[in-house]
Amino acid sequence: MMDVPWNDFFPLLWEGLKVTVEVAVLSALAAMVLSLVIGLCRVSKFKTVRIISQICAEVFRGLPLLVLLFWVYFALPFLGIEFDKVTSAVVAIGLNYGAFGSEIVRSAILAVPNGQSEAARALNFSPLQRMIYIILPQAALRMLPPFGNLMIELIKGTSLIYFITLSDLTYQALILRNNFLNMTPYIFLLLLLIYFVLSSFVSVTVRLLERKLAAGRL
Amino acid sequence: MWNWDYAWSILPDLIAALKTTFWATFGGFIFAAIGGLMLALLGRSPIWIIRAINRLIIEFIRSTPLLVQLFFLYFYILPTMFPTAPTALVSGIIGLGLHYSTYMSEVYRSGIDAVPKGQWEAAKALNFPRSKTWTSIILPQALPPTLPVMGNYLIVIFKETPLLSAITLVEVLTTAKNAISVSYRPFEAYTLVGVIFLIISYMFSLLVRMMEIRLNREQSASSGTDSPSKPQSGGKARLNKEVKQQA
């Protein structure tokens with residue numbers, strides 16, 4: 001085994017990890033808020049709201065994330081809207097995964113049995129109360145596993161911010177590779193392993209959360 | 001702000017570059033379809049070690065970014081494996097194929113799981129060897145319901161092809177970048193790329209939806225004559241759910 005200069009690797013990768021986690025957390029929040037908003041609009045009783053939200057979801061889902069990211073970062077300034085790198089990344093990733101998430105929210109809401117909504121109406125709940133106290137808590141349990149998968153996809157997606165020269169994990173690893181060309185396989189394996197640990201962290205958290213939320217329910 | 005003359009002038013180049021994108025898409029898809037089937041079959045192996053390793057490989061590839069895998073393949077694995085380093089297109093096809101074969105294997109798995117247990121037992125009762133059970137009993141029933149999900153993965157792979165610009169493949173996004181490096185006008189170029197991707201992925205998705213409707217009709221017709229209890233409906237419902245989640 002060659003002696004691998006791990007001590008030179010870690011400081012740079014640590015800096016990269018911080019950027020990756022920052023962008024991942026911010027865009028995960030953006031994606032979740034967006035998917036809830038678009039998802040709720042898609043089950044609205046007004047037809048126009050439903051159609052507009054569906055078009056939004058289709059557009060941001062049909063665009064490749066990288067193209068969306070380039071568009072937000074390079075093309076939007078021509079319309080007078082200029083974001084810094086982190087904001088561009090969060091906007092693009094949030095929109096893309098939010099559009100996917102809206103589908104999860106919509107199908108989870110539709111999957112709650114109709115009787116629940118009817119019972120709430122019979123008990124004189126207002127539409128808002130019905131959604132907050134009856135429908136959403138039951139839908140949340142259904143949303144959890146697909147949302148966990150979506151968050152893993154999102155973490156993987158953050159590697160694309162390397163293209164707009166944000167110094168995330170992937171970016172730092174490529175710099176390391178330039179400095180230690182003969183260490184290429186170790187650098188990439190370590191990089192893959194870090195991403196694997198990040199994703200596993202999400203999937204374990206989701207599993208724990210699922211168990212906690214499912215307690216006391218059928 | 002938006003310059004139509006400039007937009008029209010770069011459009012032919014972008015459309016021409018779609019050819020490379022399509023090669024990468026279909027090559028990656030075929031690789032993933034075959035690789036996914038092999039992974040799914042390995043996942044059903046009677047030897048537990050093989051099943052465990054198979055599971056680990058699938059989990060690892062699925063939870064790490066395609067971009068990093070592409071870099072690893074293109075810069076290290078493929079050049080050391082082959083005497084002459086494969087081109088960017090071939091590397092891209094291998095990368096896309098490897099990554100999505102792990103997703104496809106799950107699709108096959110749900111298709112195989114949806115085949116009623118009685119079919120296995122019948123094959124055993126008729127003394128079919130293991131290979132024959134797969135090729136003439138299980139797979140012909142397991143594969144057709146997975147087609148719409150596979151179609152969705154074709155769209156997903158198509159949308160991942162811009163990543164191949166990172167390993168120097170000249171596809172649509174790279175072509176746009178090259179045009180921008182001359183004109184310094186990213187607005188038109190990137191908007192056009194976005195519109196091209198939207199139109200094509202939307203057309204693909206309409207095709208998949210048509211296929212799904214047709215398949216549902218066929219299946220409800222055949223199960224109507226077979227038995228009223230519809231043994232395959234559970235599996236199909238699960239598949240449909242998967243379609244919705246991943247579309």
# chains A, B, ... in the order shown; residues from 1 in each chain; ligands from 1

call {"tool": "closest_atom_pairs", "arguments": {"of": "segment 183-210 of chain B", "to": "segment 13-29 of chain B", "cutoff": "12 Å", "atoms": "only C-alpha atoms", "output": "JSON lines"}}
result
{"residue": "B:Glu188", "atom": "CA", "partner": "B:Leu14", "partner_atom": "CA", "distance": 11.7}
{"residue": "B:Ala189", "atom": "CA", "partner": "B:Leu14", "partner_atom": "CA", "distance": 8.8}
{"residue": "B:Tyr190", "atom": "CA", "partner": "B:Leu14", "partner_atom": "CA", "distance": 10.5}
{"residue": "B:Thr191", "atom": "CA", "partner": "B:Leu14", "partner_atom": "CA", "distance": 11.6}
{"residue": "B:Leu192", "atom": "CA", "partner": "B:Leu14", "partner_atom": "CA", "distance": 8.4}
{"residue": "B:Val193", "atom": "CA", "partner": "B:Leu14", "partner_atom": "CA", "distance": 7.5}
{"residue": "B:Gly194", "atom": "CA", "partner": "B:Leu14", "partner_atom": "CA", "distance": 11.2}
{"residue": "B:Val195", "atom": "CA", "partner": "B:Leu14", "partner_atom": "CA", "distance": 11.3}
{"residue": "B:Ile196", "atom": "CA", "partner": "B:Ile15", "partner_atom": "CA", "distance": 8.4}
{"residue": "B:Phe197", "atom": "CA", "partner": "B:Leu18", "partner_atom": "CA", "distance": 9.7}
{"residue": "B:Ile200", "atom": "CA", "partner": "B:Leu18", "partner_atom": "CA", "distance": 10.4}
{"residue": "B:Ser201", "atom": "CA", "partner": "B:Thr25", "partner_atom": "CA", "distance": 11.7}

call {"tool": "write_last_selection", "arguments": {"atoms": "N, CA and C atoms", "output": "tab-separated table (two decimals), in the first residue's frame"}}
result
chain	number	residue	atom	x	y	z
B	188	GLU	N	-29.85	33.79	-24.11
B	188	GLU	CA	-30.53	33.06	-25.18
B	188	GLU	C	-30.13	31.59	-25.17
B	189	ALA	N	-28.82	31.36	-25.07
B	189	ALA	CA	-28.34	29.98	-25.22
B	189	ALA	C	-28.93	29.07	-24.15
B	190	TYR	N	-28.83	29.48	-22.88
B	190	TYR	CA	-29.32	28.58	-21.83
B	190	TYR	C	-30.83	28.47	-21.84
B	191	THR	N	-31.53	29.56	-22.23
B	191	THR	CA	-32.98	29.45	-22.33
B	191	THR	C	-33.35	28.44	-23.41
B	192	LEU	N	-32.66	28.51	-24.55
B	192	LEU	CA	-32.95	27.56	-25.62
B	192	LEU	C	-32.70	26.13	-25.17
B	193	VAL	N	-31.57	25.91	-24.48
B	193	VAL	CA	-31.28	24.56	-24.00
B	193	VAL	C	-32.40	24.07	-23.09
B	194	GLY	N	-32.85	24.95	-22.19
B	194	GLY	CA	-33.94	24.58	-21.28
B	194	GLY	C	-35.19	24.22	-22.06
B	195	VAL	N	-35.53	25.04	-23.05
B	195	VAL	CA	-36.76	24.79	-23.81
B	195	VAL	C	-36.64	23.47	-24.58
B	196	ILE	N	-35.47	23.22	-25.16
B	196	ILE	CA	-35.28	21.97	-25.90
B	196	ILE	C	-35.50	20.77	-24.97
B	197	PHE	N	-34.87	20.83	-23.78
B	197	PHE	CA	-35.02	19.70	-22.85
B	197	PHE	C	-36.47	19.55	-22.41
B	200	ILE	N	-38.64	17.98	-25.28
B	200	ILE	CA	-38.39	16.56	-25.54
B	200	ILE	C	-38.83	15.70	-24.36
B	201	SER	N	-38.53	16.15	-23.13
B	201	SER	CA	-38.93	15.28	-22.01
B	201	SER	C	-40.44	15.26	-21.88

call {"tool": "select_by_dssp", "arguments": {"residues": "segment 7-217 of chain A", "states": "alpha helix (DSSP H)", "output": "PyMOL selection string"}}
result
chain A and resi 7-42+47-62+65-70+85-111+114-122+127-129+136-157+169-179+184-214

call {"tool": "atom_distance", "arguments": {"atom1": "atom CA of Tyr74 of chain B", "atom2": "atom CA of Ile152 of chain A"}}
result
23.9 Å

call {"tool": "closest_atom_pairs", "arguments": {"of": "chain A", "to": "chain B", "cutoff": "6 Å", "atoms": "only C-alpha atoms", "output": "JSON lines"}}
result
{"residue": "A:Gly62", "atom": "CA", "partner": "B:Leu198", "partner_atom": "CA", "distance": 5.2}
{"residue": "A:Leu63", "atom": "CA", "partner": "B:Leu198", "partner_atom": "CA", "distance": 5.7}
{"residue": "A:Pro64", "atom": "CA", "partner": "B:Lys159", "partner_atom": "CA", "distance": 4.9}
{"residue": "A:Trp71", "atom": "CA", "partner": "B:Tyr190", "partner_atom": "CA", "distance": 5.7}
{"residue": "A:Ala75", "atom": "CA", "partner": "B:Phe187", "partner_atom": "CA", "distance": 4.2}
{"residue": "A:Lys156", "atom": "CA", "partner": "B:Pro65", "partner_atom": "CA", "distance": 4.4}
{"residue": "A:Leu192", "atom": "CA", "partner": "B:Thr64", "partner_atom": "CA", "distance": 5.9}
{"residue": "A:Tyr195", "atom": "CA", "partner": "B:Thr64", "partner_atom": "CA", "distance": 5.5}
{"residue": "A:Phe196", "atom": "CA", "partner": "B:Thr64", "partner_atom": "CA", "distance": 5.6}
{"residue": "A:Ser199", "atom": "CA", "partner": "B:Ser63", "partner_atom": "CA", "distance": 5.8}

call {"tool": "write_last_selection", "arguments": {"atoms": "C-alpha atoms", "output": "mmCIF file, in the first residue's frame"}}
result
data_model
loop_
_atom_site.group_PDB
_atom_site.id
_atom_site.type_symbol
_atom_site.label_atom_id
_atom_site.label_comp_id
_atom_site.auth_asym_id
_atom_site.auth_seq_id
_atom_site.Cartn_x
_atom_site.Cartn_y
_atom_site.Cartn_z
ATOM 1 C CA GLY A 62 -38.860 18.535 -16.899
ATOM 2 C CA LEU A 63 -35.726 20.714 -16.779
ATOM 3 C CA PRO A 64 -32.435 19.018 -15.992
ATOM 4 C CA TRP A 71 -30.046 29.352 -16.187
ATOM 5 C CA ALA A 75 -29.009 33.767 -17.604
ATOM 6 C CA LYS A 156 -26.454 13.789 -4.644
ATOM 7 C CA LEU A 192 -17.769 8.591 -2.646
ATOM 8 C CA TYR A 195 -21.364 11.079 0.164
ATOM 9 C CA PHE A 196 -22.436 7.560 1.113
ATOM 10 C CA SER A 199 -26.958 9.714 2.424
#

call {"tool": "atom_distance", "arguments": {"atom1": "atom CA of Phe201 of chain A", "atom2": "atom CA of Asp113 of chain B"}}
result
28.5 Å

call {"tool": "residues_around", "arguments": {"residues": "segment 11-23 of chain A", "least_positions_apart": "4", "cutoff": "9 Å", "atoms": "only C-alpha atoms", "output": "PyMOL selection string"}}
result
chain A and resi 7+27-28+86-87+89-90+155+158-159+161+166-173+175-176+191+194+198

call {"tool": "residues_around", "arguments": {"residues": "Leu141 of chain A", "least_positions_apart": "3", "cutoff": "10 Å", "atoms": "only C-alpha atoms", "output": "list in words"}}
result
Ala108, Leu136, Pro137, Gln138, Leu144, Pro145, Leu209, Glu210, Arg211, Leu213, Ala214 and Arg217 of chain A

call {"tool": "write_last_selection", "arguments": {"atoms": "C-alpha atoms", "output": "compact mmCIF listing (two decimals), in the first residue's frame"}}
result
# COMPACT_ATOMS: atom_id res chain seq x y z
CA ALA A 108 -50.20 11.58 -0.03
CA LEU A 136 -51.95 16.64 6.80
CA PRO A 137 -50.98 14.65 9.93
CA GLN A 138 -52.13 11.47 8.22
CA LEU A 144 -42.00 10.44 4.94
CA PRO A 145 -40.41 7.50 3.07
CA LEU A 209 -38.64 9.44 12.40
CA GLU A 210 -41.00 7.03 10.69
CA ARG A 211 -41.01 4.75 13.70
CA LEU A 213 -44.50 9.09 13.91
CA ALA A 214 -46.06 5.68 13.34
CA ARG A 217 -51.22 4.74 14.74

call {"tool": "decode", "arguments": {"residues": "segment 84-102 of chain B", "atoms": "N, CA and C atoms", "output": "tab-separated table (two decimals), in the first residue's frame"}}
result
chain	number	residue	atom	x	y	z
B	84	THR	N	-6.57	1.29	-24.37
B	84	THR	CA	-6.82	2.63	-24.90
B	84	THR	C	-8.04	3.18	-24.17
B	85	ALA	N	-7.89	4.37	-23.61
B	85	ALA	CA	-8.97	4.95	-22.81
B	85	ALA	C	-10.21	5.15	-23.67
B	86	PRO	N	-11.40	4.72	-23.19
B	86	PRO	CA	-12.63	4.92	-23.97
B	86	PRO	C	-12.94	6.41	-24.14
B	87	THR	N	-13.68	6.72	-25.20
B	87	THR	CA	-14.03	8.12	-25.44
B	87	THR	C	-14.99	8.62	-24.37
B	88	ALA	N	-15.22	9.95	-24.38
B	88	ALA	CA	-16.12	10.54	-23.41
B	88	ALA	C	-17.53	9.95	-23.54
B	89	LEU	N	-17.95	9.73	-24.80
B	89	LEU	CA	-19.30	9.19	-25.01
B	89	LEU	C	-19.43	7.81	-24.39
B	90	VAL	N	-18.46	6.94	-24.67
B	90	VAL	CA	-18.52	5.58	-24.12
B	90	VAL	C	-18.46	5.63	-22.60
B	91	SER	N	-17.57	6.46	-22.06
B	91	SER	CA	-17.48	6.57	-20.60
B	91	SER	C	-18.81	7.05	-20.02
B	92	GLY	N	-19.41	8.03	-20.72
B	92	GLY	CA	-20.69	8.56	-20.24
B	92	GLY	C	-21.76	7.48	-20.25
B	93	ILE	N	-21.79	6.69	-21.33
B	93	ILE	CA	-22.79	5.63	-21.42
B	93	ILE	C	-22.59	4.63	-20.28
B	94	ILE	N	-21.31	4.27	-20.02
B	94	ILE	CA	-21.04	3.32	-18.95
B	94	ILE	C	-21.46	3.92	-17.60
B	95	GLY	N	-21.13	5.20	-17.39
B	95	GLY	CA	-21.48	5.85	-16.12
B	95	GLY	C	-22.97	5.90	-15.90
B	96	LEU	N	-23.69	6.42	-16.91
B	96	LEU	CA	-25.15	6.50	-16.81
B	96	LEU	C	-25.74	5.11	-16.62
B	97	GLY	N	-25.23	4.15	-17.41
B	97	GLY	CA	-25.75	2.80	-17.36
B	97	GLY	C	-25.56	2.17	-15.99
B	98	LEU	N	-24.34	2.31	-15.45
B	98	LEU	CA	-24.06	1.74	-14.13
B	98	LEU	C	-24.96	2.35	-13.07
B	99	HIS	N	-25.04	3.68	-13.07
B	99	HIS	CA	-25.82	4.36	-12.04
B	99	HIS	C	-27.28	3.94	-12.10
B	100	TYR	N	-27.85	3.97	-13.31
B	100	TYR	CA	-29.29	3.71	-13.41
B	100	TYR	C	-29.62	2.21	-13.41
B	101	SER	N	-28.61	1.34	-13.61
B	101	SER	CA	-28.92	-0.08	-13.51
B	101	SER	C	-29.36	-0.41	-12.07
B	102	THR	N	-28.83	0.33	-11.09
B	102	THR	CA	-29.24	0.05	-9.72
B	102	THR	C	-30.70	0.46	-9.49
